[in-house]
file query_8.cif (mmCIF, C-alpha atoms)
data_target
#
loop_
_atom_site.label_atom_id
_atom_site.label_comp_id
_atom_site.auth_asym_id
_atom_site.auth_seq_id
_atom_site.Cartn_x
_atom_site.Cartn_y
_atom_site.Cartn_z
CA MET A 1 27.41 5.32 -23.51
CA ALA A 2 26.02 2.35 -21.67
CA ASN A 3 26.77 -1.13 -22.86
CA ASN A 4 24.87 -2.23 -25.89
CA ILE A 5 23.41 -5.44 -24.57
CA ARG A 6 22.16 -6.24 -28.04
CA GLY A 7 25.71 -6.62 -29.28
CA GLU A 8 25.99 -7.05 -33.01
CA ILE A 9 22.95 -9.23 -33.46
CA ASP A 10 20.03 -7.61 -35.23
CA GLU A 11 16.73 -7.66 -33.47
CA LYS A 12 13.99 -9.85 -34.86
CA LYS A 13 10.35 -9.08 -35.15
CA TYR A 14 8.13 -10.54 -32.47
CA GLY A 15 4.93 -9.65 -34.26
CA SER A 16 2.06 -7.41 -33.35
CA LYS A 17 1.87 -7.77 -29.61
CA SER A 18 1.51 -5.57 -26.59
CA LEU A 19 4.44 -6.19 -24.28
CA SER A 20 5.15 -4.35 -21.08
CA LEU A 21 6.94 -7.03 -19.11
CA SER A 22 5.92 -5.75 -15.72
CA ASN A 23 2.68 -4.47 -14.26
CA THR A 24 1.54 -3.83 -10.75
CA GLY A 25 -1.13 -6.27 -9.66
CA PHE A 26 -4.31 -4.26 -9.07
CA CYS A 27 -7.64 -5.56 -7.81
CA TYR A 28 -10.82 -3.77 -8.85
CA CYS A 29 -14.00 -3.89 -6.79
CA THR A 30 -17.60 -3.24 -7.76
CA TYR A 31 -21.15 -3.95 -6.64
CA ASP A 32 -23.27 -6.12 -8.90
CA ASP A 33 -26.96 -5.57 -9.66
CA GLU A 34 -27.96 -7.22 -6.41
CA GLY A 35 -25.56 -5.15 -4.35
CA ASN A 36 -23.09 -7.95 -3.78
CA PRO A 37 -19.45 -6.92 -3.66
CA ASN A 38 -17.12 -8.40 -6.25
CA ALA A 39 -13.38 -8.19 -6.87
CA MET A 40 -11.28 -8.96 -9.90
CA THR A 41 -7.61 -8.70 -10.72
CA ALA A 42 -6.76 -7.09 -14.05
CA ALA A 43 -3.37 -6.63 -15.63
CA TRP A 44 -4.01 -3.74 -17.99
CA GLY A 45 -4.37 -0.53 -16.06
CA GLY A 46 -2.73 2.27 -14.13
CA ILE A 47 -2.53 6.01 -13.75
CA CYS A 48 -3.53 8.05 -16.79
CA CYS A 49 -3.76 11.62 -15.45
CA SER A 50 -2.37 13.59 -12.52
CA SER A 51 -5.00 16.34 -12.37
CA PRO A 52 -7.73 15.37 -11.96
CA PRO A 53 -6.11 12.21 -10.64
CA CYS A 54 -7.35 9.38 -12.83
CA VAL A 55 -6.67 5.70 -13.30
CA ALA A 56 -7.54 3.52 -16.28
CA VAL A 57 -8.48 -0.14 -16.33
CA SER A 58 -9.15 -2.26 -19.40
CA LEU A 59 -11.49 -5.24 -19.16
CA ARG A 60 -13.07 -7.75 -21.49
CA LYS A 61 -16.83 -7.62 -21.94
CA ALA A 62 -17.03 -11.23 -20.78
CA THR A 63 -16.06 -10.33 -17.23
CA TYR A 64 -18.70 -10.01 -14.54
CA THR A 65 -17.16 -6.71 -13.47
CA TYR A 66 -17.79 -5.19 -16.92
CA GLY A 67 -21.55 -5.04 -16.39
CA SER A 68 -21.15 -3.64 -12.89
CA LEU A 69 -18.91 -0.84 -14.14
CA LEU A 70 -21.46 0.13 -16.79
CA ALA A 71 -24.30 0.10 -14.26
CA LYS A 72 -22.62 1.73 -11.26
CA LYS A 73 -20.16 4.07 -13.00
CA ALA A 74 -17.79 3.46 -10.12
CA PHE A 75 -15.04 1.14 -8.90
CA THR A 76 -12.22 0.98 -6.43
CA LEU A 77 -8.62 0.12 -7.26
CA ASN A 78 -7.00 -1.87 -4.48
CA ILE A 79 -3.29 -2.62 -4.26
CA PRO A 80 -2.48 -5.96 -2.67
CA SER A 81 0.75 -6.44 -0.81
CA GLU A 82 2.75 -9.66 -1.08
CA ASN A 83 0.76 -11.08 1.84
CA PHE A 84 -2.31 -11.20 -0.38
CA ILE A 85 -0.81 -12.92 -3.40
CA LYS A 86 -3.20 -15.88 -3.16
CA GLU A 87 -6.25 -13.65 -2.92
CA ALA A 88 -5.09 -11.41 -5.77
CA ASP A 89 -4.47 -14.39 -8.05
CA TYR A 90 -7.79 -15.99 -7.08
CA PHE A 91 -9.62 -12.75 -7.94
CA GLY A 92 -8.24 -13.10 -11.47
CA LEU A 93 -8.99 -16.81 -11.81
CA VAL A 94 -12.64 -17.05 -10.81
CA SER A 95 -15.70 -15.16 -12.06
CA GLY A 96 -17.97 -13.28 -9.67
CA LYS A 97 -20.83 -14.86 -11.58
CA LYS A 98 -19.96 -18.18 -9.99
CA GLU A 99 -18.52 -17.41 -6.59
CA ASN A 100 -18.80 -14.81 -3.85
CA LYS A 101 -15.12 -13.97 -3.74
CA PHE A 102 -15.27 -12.00 -0.53
CA ALA A 103 -16.94 -14.90 1.27
CA HIS A 104 -14.37 -17.33 -0.14
CA THR A 105 -11.36 -15.30 0.91
CA GLY A 106 -12.69 -13.82 4.11
CA LEU A 107 -11.63 -10.34 3.04
CA THR A 108 -13.78 -7.40 4.12
CA ALA A 109 -15.75 -5.33 1.61
CA VAL A 110 -16.25 -1.81 2.94
CA LYS A 111 -18.81 0.44 1.25
CA SER A 112 -17.20 3.62 -0.02
CA ASP A 113 -18.73 6.87 1.23
CA LEU A 114 -17.87 8.54 -2.06
CA VAL A 115 -18.74 6.15 -4.85
CA ASP A 116 -21.09 3.18 -5.32
CA ALA A 117 -18.38 0.55 -4.91
CA PRO A 118 -16.74 -1.40 -2.10
CA TYR A 119 -13.07 -1.47 -1.23
CA ILE A 120 -10.94 -4.18 0.37
CA LYS A 121 -10.25 -3.20 3.96
CA GLU A 122 -7.25 -5.48 4.39
CA PHE A 123 -5.35 -4.19 1.34
CA PRO A 124 -2.97 -1.32 2.17
CA ILE A 125 -4.09 1.09 -0.56
CA ASN A 126 -7.59 1.78 -1.91
CA LEU A 127 -8.53 4.34 -4.56
CA GLU A 128 -12.22 5.26 -4.83
CA CYS A 129 -13.05 6.09 -8.42
CA LYS A 130 -15.94 7.61 -10.35
CA ILE A 131 -15.99 6.58 -14.01
CA ILE A 132 -15.61 9.59 -16.31
CA ASN A 133 -14.87 7.91 -19.64
CA ILE A 134 -15.52 4.58 -21.38
CA LEU A 135 -13.70 3.66 -24.58
CA GLU A 136 -14.30 0.56 -26.67
CA ILE A 137 -10.90 -0.40 -28.07
CA GLY A 138 -11.29 -4.01 -29.22
CA LEU A 139 -11.21 -7.10 -27.06
CA HIS A 140 -10.84 -4.73 -24.11
CA THR A 141 -12.90 -1.74 -23.04
CA GLN A 142 -11.08 0.99 -21.18
CA PHE A 143 -12.74 2.61 -18.16
CA ILE A 144 -11.22 5.79 -16.77
CA GLY A 145 -12.00 6.59 -13.17
CA GLU A 146 -11.38 9.85 -11.36
CA VAL A 147 -9.86 9.16 -7.96
CA LEU A 148 -12.05 10.89 -5.39
CA ASP A 149 -10.02 9.62 -2.48
CA ALA A 150 -7.01 7.43 -1.81
CA LYS A 151 -6.92 5.49 1.44
CA ILE A 152 -3.65 4.21 2.80
CA ASP A 153 -2.90 2.01 5.76
CA ASP A 154 -1.82 4.41 8.48
CA THR A 155 0.81 2.08 9.76
CA LEU A 156 2.55 2.01 6.39
CA GLN A 157 2.64 5.73 5.68
CA GLU A 158 5.41 8.03 6.73
CA LYS A 159 4.04 11.05 8.52
CA GLY A 160 3.33 13.79 6.02
CA ASP A 161 5.17 11.91 3.34
CA HIS A 162 4.59 9.38 0.59
CA PRO A 163 3.75 5.73 1.15
CA LEU A 164 6.85 3.56 1.06
CA ILE A 165 7.01 0.99 -1.70
CA GLU A 166 9.34 -1.06 0.49
CA GLN A 167 6.63 -1.31 3.14
CA ILE A 168 3.59 -1.73 0.91
CA LYS A 169 5.33 -4.47 -1.09
CA PRO A 170 3.11 -4.38 -4.19
CA LEU A 171 3.12 -7.38 -6.52
CA ILE A 172 4.83 -7.10 -9.88
CA PHE A 173 3.06 -9.22 -12.49
CA ALA A 174 4.97 -10.30 -15.59
CA PRO A 175 2.33 -11.23 -18.20
CA GLU A 176 4.64 -13.03 -20.61
CA SER A 177 5.99 -15.46 -18.04
CA ARG A 178 2.76 -15.42 -15.99
CA SER A 179 4.75 -14.85 -12.83
CA TYR A 180 4.60 -12.65 -9.75
CA HIS A 181 7.70 -10.88 -8.51
CA VAL A 182 8.61 -8.70 -5.57
CA VAL A 183 9.88 -5.17 -6.05
CA GLY A 184 13.65 -5.37 -5.79
CA LYS A 185 16.20 -3.04 -4.31
CA GLN A 186 16.36 0.66 -5.11
CA ILE A 187 19.16 1.32 -7.58
CA ALA A 188 18.87 5.07 -8.15
CA GLN A 189 16.97 8.23 -7.41
CA ALA A 190 14.73 9.36 -10.28
CA PHE A 191 15.04 12.86 -11.72
CA ALA A 192 18.63 12.81 -10.51
CA ILE A 193 20.80 10.05 -11.97
CA GLY A 194 20.08 11.36 -15.48
CA ASN A 195 21.86 14.60 -14.59
CA ASP A 196 25.12 12.75 -14.85
CA THR A 197 26.68 14.51 -17.82
CA ASN A 198 29.01 11.65 -18.65
CA ILE A 199 26.39 9.42 -20.18
CA LYS A 200 28.30 8.72 -23.39
CA MET B 1 -7.14 -15.65 5.59
CA ALA B 2 -3.88 -13.82 5.15
CA ASN B 3 -2.64 -11.57 7.88
CA ASN B 4 -4.36 -8.27 8.17
CA ILE B 5 -1.36 -6.00 7.97
CA ARG B 6 -3.57 -3.08 8.82
CA GLY B 7 -4.19 -4.48 12.28
CA GLU B 8 -6.73 -2.62 14.26
CA ILE B 9 -5.83 0.83 13.10
CA ASP B 10 -8.32 2.51 10.80
CA GLU B 11 -7.05 3.78 7.50
CA LYS B 12 -6.86 7.50 6.96
CA LYS B 13 -7.71 9.44 3.87
CA TYR B 14 -4.79 10.45 1.73
CA GLY B 15 -6.85 12.76 -0.44
CA SER B 16 -7.65 12.76 -4.10
CA LYS B 17 -4.51 11.33 -5.62
CA SER B 18 -3.57 8.76 -8.21
CA LEU B 19 -1.28 6.22 -6.60
CA SER B 20 0.06 3.15 -8.26
CA LEU B 21 3.38 2.74 -6.41
CA SER B 22 5.16 1.00 -9.24
CA ASN B 23 5.36 1.56 -12.96
CA THR B 24 7.64 0.21 -15.62
CA GLY B 25 9.94 2.90 -17.00
CA PHE B 26 9.01 3.37 -20.65
CA CYS B 27 10.70 5.70 -23.16
CA TYR B 28 8.62 7.06 -26.02
CA CYS B 29 10.19 8.17 -29.30
CA THR B 30 8.88 10.49 -31.99
CA TYR B 31 10.08 12.62 -34.89
CA ASP B 32 9.61 16.37 -34.57
CA ASP B 33 8.53 18.70 -37.38
CA GLU B 34 12.06 18.82 -38.74
CA GLY B 35 12.43 15.06 -38.72
CA ASN B 36 14.73 15.00 -35.71
CA PRO B 37 14.30 12.00 -33.41
CA ASN B 38 13.31 12.67 -29.83
CA ALA B 39 12.84 10.48 -26.77
CA MET B 40 11.05 11.06 -23.50
CA THR B 41 10.37 8.98 -20.42
CA ALA B 42 6.81 9.02 -19.13
CA ALA B 43 5.41 7.34 -16.06
CA TRP B 44 1.72 7.06 -16.93
CA GLY B 45 1.22 4.38 -19.53
CA GLY B 46 1.03 0.72 -20.40
CA ILE B 47 -1.03 -1.91 -22.14
CA CYS B 48 -4.72 -1.10 -22.60
CA CYS B 49 -5.93 -3.79 -25.03
CA SER B 50 -4.82 -7.26 -26.11
CA SER B 51 -6.54 -7.39 -29.50
CA PRO B 52 -5.71 -5.26 -31.35
CA PRO B 53 -2.63 -4.95 -29.15
CA CYS B 54 -2.61 -1.40 -27.86
CA VAL B 55 -0.63 0.68 -25.40
CA ALA B 56 -1.60 3.98 -23.82
CA VAL B 57 0.62 6.87 -22.80
CA SER B 58 -0.47 10.05 -21.04
CA LEU B 59 1.50 13.25 -21.55
CA ARG B 60 1.22 16.89 -20.60
CA LYS B 61 0.64 19.38 -23.40
CA ALA B 62 3.80 21.20 -22.34
CA THR B 63 6.04 18.36 -23.50
CA TYR B 64 7.83 18.56 -26.83
CA THR B 65 6.64 15.05 -27.62
CA TYR B 66 3.00 16.11 -27.39
CA GLY B 67 3.17 18.16 -30.61
CA SER B 68 5.02 15.39 -32.42
CA LEU B 69 2.38 12.83 -31.48
CA LEU B 70 -0.39 15.07 -32.82
CA ALA B 71 1.50 15.68 -36.06
CA LYS B 72 2.86 12.21 -36.78
CA LYS B 73 0.13 10.03 -35.24
CA ALA B 74 2.84 7.56 -34.30
CA PHE B 75 5.34 6.68 -31.60
CA THR B 76 7.47 3.84 -30.37
CA LEU B 77 7.49 2.50 -26.82
CA ASN B 78 10.96 1.42 -25.79
CA ILE B 79 11.74 -0.55 -22.63
CA PRO B 80 15.11 0.25 -21.11
CA SER B 81 16.98 -2.35 -19.15
CA GLU B 82 18.85 -1.48 -15.96
CA ASN B 83 21.93 -0.72 -18.06
CA PHE B 84 20.19 2.32 -19.46
CA ILE B 85 18.98 3.86 -16.22
CA LYS B 86 20.93 7.09 -16.78
CA GLU B 87 19.60 7.52 -20.30
CA ALA B 88 16.03 6.74 -19.25
CA ASP B 89 16.15 9.27 -16.44
CA TYR B 90 17.78 11.89 -18.66
CA PHE B 91 15.03 11.45 -21.25
CA GLY B 92 12.55 12.47 -18.56
CA LEU B 93 14.58 15.39 -17.23
CA VAL B 94 15.38 17.36 -20.37
CA SER B 95 13.11 18.69 -23.12
CA GLY B 96 13.70 17.85 -26.75
CA LYS B 97 13.10 21.53 -27.43
CA LYS B 98 16.45 22.27 -25.85
CA GLU B 99 18.66 19.28 -26.54
CA ASN B 100 19.15 16.56 -29.11
CA LYS B 101 18.84 13.69 -26.69
CA PHE B 102 20.10 11.04 -29.09
CA ALA B 103 23.25 13.06 -29.78
CA HIS B 104 23.78 13.60 -26.06
CA THR B 105 23.42 9.96 -25.10
CA GLY B 106 24.96 8.36 -28.16
CA LEU B 107 21.99 6.04 -28.53
CA THR B 108 20.88 5.05 -32.03
CA ALA B 109 17.55 6.21 -33.50
CA VAL B 110 16.36 3.70 -36.10
CA LYS B 111 13.54 4.72 -38.41
CA SER B 112 10.60 2.34 -38.15
CA ASP B 113 9.47 0.70 -41.38
CA LEU B 114 5.90 0.65 -40.13
CA VAL B 115 5.21 4.02 -38.51
CA ASP B 116 6.63 7.54 -38.76
CA ALA B 117 8.69 7.30 -35.58
CA PRO B 118 12.16 6.14 -34.55
CA TYR B 119 13.02 3.45 -32.04
CA ILE B 120 16.05 3.04 -29.79
CA LYS B 121 18.24 0.31 -31.20
CA GLU B 122 20.11 -0.37 -27.98
CA PHE B 123 17.00 -0.92 -25.85
CA PRO B 124 15.96 -4.58 -25.70
CA ILE B 125 12.27 -4.09 -26.56
CA ASN B 126 10.64 -1.69 -29.03
CA LEU B 127 6.94 -1.42 -29.86
CA GLU B 128 6.02 0.47 -33.05
CA CYS B 129 2.68 2.17 -32.58
CA LYS B 130 0.11 3.92 -34.74
CA ILE B 131 -2.08 6.33 -32.77
CA ILE B 132 -5.73 5.30 -32.92
CA ASN B 133 -7.24 7.46 -30.17
CA ILE B 134 -6.51 10.74 -28.39
CA LEU B 135 -8.38 11.67 -25.20
CA GLU B 136 -8.07 14.96 -23.33
CA ILE B 137 -8.44 14.07 -19.66
CA GLY B 138 -7.08 17.10 -17.80
CA LEU B 139 -3.44 17.95 -17.17
CA HIS B 140 -2.63 14.85 -19.20
CA THR B 141 -3.76 13.79 -22.66
CA GLN B 142 -3.94 10.08 -23.31
CA PHE B 143 -2.69 8.70 -26.63
CA ILE B 144 -3.55 5.11 -27.53
CA GLY B 145 -1.28 3.41 -30.02
CA GLU B 146 -1.91 0.17 -31.83
CA VAL B 147 1.22 -1.97 -31.74
CA LEU B 148 2.04 -2.88 -35.34
CA ASP B 149 5.19 -4.74 -34.38
CA ALA B 150 7.19 -5.58 -31.29
CA LYS B 151 10.95 -5.98 -31.66
CA ILE B 152 12.92 -7.89 -29.08
CA ASP B 153 16.63 -8.38 -28.71
CA ASP B 154 17.29 -11.83 -30.15
CA THR B 155 19.84 -12.64 -27.53
CA LEU B 156 17.31 -12.11 -24.75
CA GLN B 157 14.45 -14.15 -26.12
CA GLU B 158 13.90 -17.79 -25.51
CA LYS B 159 13.34 -19.64 -28.76
CA GLY B 160 9.65 -19.76 -29.51
CA ASP B 161 8.81 -18.47 -26.08
CA HIS B 162 8.26 -15.24 -24.21
CA PRO B 163 10.95 -12.70 -23.37
CA LEU B 164 12.34 -13.25 -19.90
CA ILE B 165 11.83 -10.47 -17.42
CA GLU B 166 14.91 -11.69 -15.55
CA GLN B 167 17.02 -11.08 -18.63
CA ILE B 168 15.45 -7.86 -19.88
CA LYS B 169 15.68 -6.32 -16.42
CA PRO B 170 13.14 -3.52 -16.88
CA LEU B 171 13.22 -0.57 -14.47
CA ILE B 172 10.49 -0.23 -11.88
CA PHE B 173 9.73 3.43 -11.16
CA ALA B 174 8.08 4.36 -7.86
CA PRO B 175 6.52 7.81 -8.39
CA GLU B 176 5.86 8.62 -4.75
CA SER B 177 9.43 8.07 -3.62
CA ARG B 178 10.88 9.10 -6.99
CA SER B 179 13.05 6.01 -7.05
CA TYR B 180 14.06 3.29 -9.49
CA HIS B 181 14.03 -0.34 -8.42
CA VAL B 182 14.98 -3.63 -9.98
CA VAL B 183 12.45 -6.41 -10.46
CA GLY B 184 12.91 -8.76 -7.54
CA LYS B 185 12.67 -12.51 -7.28
CA GLN B 186 9.74 -14.52 -8.56
CA ILE B 187 7.51 -15.52 -5.67
CA ALA B 188 4.70 -17.39 -7.42
CA GLN B 189 3.21 -18.50 -10.68
CA ALA B 190 0.19 -16.44 -11.75
CA PHE B 191 -3.12 -18.13 -12.55
CA ALA B 192 -1.99 -20.91 -10.27
CA ILE B 193 -1.33 -19.91 -6.68
CA GLY B 194 -4.90 -18.60 -6.40
CA ASN B 195 -6.18 -22.13 -6.90
CA ASP B 196 -5.09 -22.92 -3.37
CA THR B 197 -8.42 -23.59 -1.74
CA ASN B 198 -7.18 -22.86 1.75
CA ILE B 199 -7.07 -19.11 1.40
CA LYS B 200 -9.04 -18.38 4.52
#

call {"tool": "encode", "arguments": {"input": "query_8.cif", "output": "structure tokens"}}
result
Amino acid sequence: MANNIRGEIDEKKYGSKSLSLSNTGFCYCTYDDEGNPNAMTAAWGGICCSSPPCVAVSLRKATYTYGSLLAKKAFTLNIPSENFIKEADYFGLVSGKKENKFAHTGLTAVKSDLVDAPYIKEFPINLECKIINILEIGLHTQFIGEVLDAKIDDTLQEKGDHPLIEQIKPLIFAPESRSYHVVGKQIAQAFAIGNDTNIK
Amino acid sequence: MANNIRGEIDEKKYGSKSLSLSNTGFCYCTYDDEGNPNAMTAAWGGICCSSPPCVAVSLRKATYTYGSLLAKKAFTLNIPSENFIKEADYFGLVSGKKENKFAHTGLTAVKSDLVDAPYIKEFPINLECKIINILEIGLHTQFIGEVLDAKIDDTLQEKGDHPLIEQIKPLIFAPESRSYHVVGKQIAQAFAIGNDTNIK
């Protein structure tokens, strides 16, 4: 058995709170009613189905992106690398109601051929998504998008293989400490280390 | 403007695929029909609402946990630290139909006072969740659980403050490369670095 890092001290209740400690920083792009591209960073989201491939994102109604999602039924999910930490944070700080975020950052909004949404050319990964489900949960509304295509920077993709996390360098966002972290070193192969029969 | 790491090379299509590159490794616990505790690791899940605090997890119907979730309408989300990498991986490799995973690993299943599900005593964070929504998406079914309480190892929590990601040491799972990584160093404060007005 692995060490019990809790020792002999009983855990205490933290209260009703959603904790996940680490999230990948994702930026979501939409067109507004006037056809202007907008981008926002949101912490609550990720893959929710493998087939059809789908991603979920939860947003507050107060965001400018919320209205665009309802109107366009489409968005793109864009993964920033460490290089774009300022842009990713800015996208979460400022509302598209007040500023043209693409103009401010100088990033390039490319119109998707598949859905009515732009993607960020300079970010290494872009998923083009058609909204297939909307669920009102509470403060947040969850939008589920089917991924019609995933675009990956050619220079960062192994031929015929998966994109390398070490090359893409996605941002890890820790909500509780409001901090960004890099992905650290690989410590094990998944679906393998658990085969060790000497767990106890 | 940050460097364009894509350079002059156009991106190529990767196809219809859900990519997120990094996920936190979460272990979900349930009771089966006979009241036996079970645990599984699932990659697709995370926070989906702040108020009420809710987490989502997507599972295939083929999993043993799927039936338990339907029957009990409850689960716990448990965050393993690096110490428990073998157990976390094992929970994703083996079905609860075939093995008593708690007996095999020696971990302790504690019955929640709030929901009809056990949590893993040795893991530093446990969220006790009541299922409030079930959505059939495709290969995966998404279960949304309202977090009735979050338990955190006392020894790892700053007094009156948030749990420290550097102390909890959650596992980052990269689905494409099927690898586990540690959380790396903090590189910036969120909701701050984006205020730098010299992004361009």

call {"tool": "closest_residue", "arguments": {"input": "query_8.cif", "among": "A:Ile168, A:Val182, A:Val94, A:Leu77", "to": "chain B", "atoms": "only C-alpha atoms"}}
result
A:Val182

call {"tool": "closest_residue", "arguments": {"input": "query_8.cif", "among": "B:Trp44, B:Tyr64, B:Tyr180, B:Phe123", "to": "Asp32 (chain B)", "atoms": "only C-alpha atoms"}}
result
B:Tyr64

call {"tool": "atom_distance", "arguments": {"input": "query_8.cif", "atom1": "CA of Gln186 (chain B)", "atom2": "CA of Ser177 (chain A)"}}
result
10.2 Å

call {"tool": "resolve_selection", "arguments": {"input": "query_8.cif", "expression": "the PyMOL selection byres ((chain B and resi 36) around 12)", "output": "PDB file with C-alpha atoms, in the coordinates of the input"}}
result
ATOM      1  CA  CYS B  29      10.190   8.170 -29.300  1.00  0.00           C
ATOM      2  CA  THR B  30       8.880  10.490 -31.990  1.00  0.00           C
ATOM      3  CA  TYR B  31      10.080  12.620 -34.890  1.00  0.00           C
ATOM      4  CA  ASP B  32       9.610  16.370 -34.570  1.00  0.00           C
ATOM      5  CA  ASP B  33       8.530  18.700 -37.380  1.00  0.00           C
ATOM      6  CA  GLU B  34      12.060  18.820 -38.740  1.00  0.00           C
ATOM      7  CA  GLY B  35      12.430  15.060 -38.720  1.00  0.00           C
ATOM      8  CA  PRO B  37      14.300  12.000 -33.410  1.00  0.00           C
ATOM      9  CA  ASN B  38      13.310  12.670 -29.830  1.00  0.00           C
ATOM     10  CA  ALA B  39      12.840  10.480 -26.770  1.00  0.00           C
ATOM     11  CA  TYR B  64       7.830  18.560 -26.830  1.00  0.00           C
ATOM     12  CA  THR B  65       6.640  15.050 -27.620  1.00  0.00           C
ATOM     13  CA  SER B  68       5.020  15.390 -32.420  1.00  0.00           C
ATOM     14  CA  GLY B  96      13.700  17.850 -26.750  1.00  0.00           C
ATOM     15  CA  LYS B  97      13.100  21.530 -27.430  1.00  0.00           C
ATOM     16  CA  GLU B  99      18.660  19.280 -26.540  1.00  0.00           C
ATOM     17  CA  ASN B 100      19.150  16.560 -29.110  1.00  0.00           C
ATOM     18  CA  LYS B 101      18.840  13.690 -26.690  1.00  0.00           C
ATOM     19  CA  PHE B 102      20.100  11.040 -29.090  1.00  0.00           C
ATOM     20  CA  ALA B 103      23.250  13.060 -29.780  1.00  0.00           C
ATOM     21  CA  ALA B 109      17.550   6.210 -33.500  1.00  0.00           C
ATOM     22  CA  VAL B 110      16.360   3.700 -36.100  1.00  0.00           C
ATOM     23  CA  LYS B 111      13.540   4.720 -38.410  1.00  0.00           C
ATOM     24  CA  ASP B 116       6.630   7.540 -38.760  1.00  0.00           C
ATOM     25  CA  ALA B 117       8.690   7.300 -35.580  1.00  0.00           C
ATOM     26  CA  PRO B 118      12.160   6.140 -34.550  1.00  0.00           C
TER      27      PRO B 118
END

call {"tool": "residues_near_point", "arguments": {"input": "query_8.cif", "point": "(7.1, 5.9, -9.9)", "cutoff": "7 Å", "atoms": "all atoms listed in the file", "output": "list in words"}}
result
Leu21, Ser22, Asn23, Ala43, Phe173, Ala174, Pro175, Glu176, Arg178 and Ser179 of chain B

call {"tool": "residues_around", "arguments": {"input": "query_8.cif", "residues": "Leu70 (chain A)", "least_positions_apart": "4", "cutoff": "9 Å", "atoms": "only C-alpha atoms", "output": "list in words"}}
result
Thr65, Tyr66, Ala74, Ile131 and Ile134 of chain A
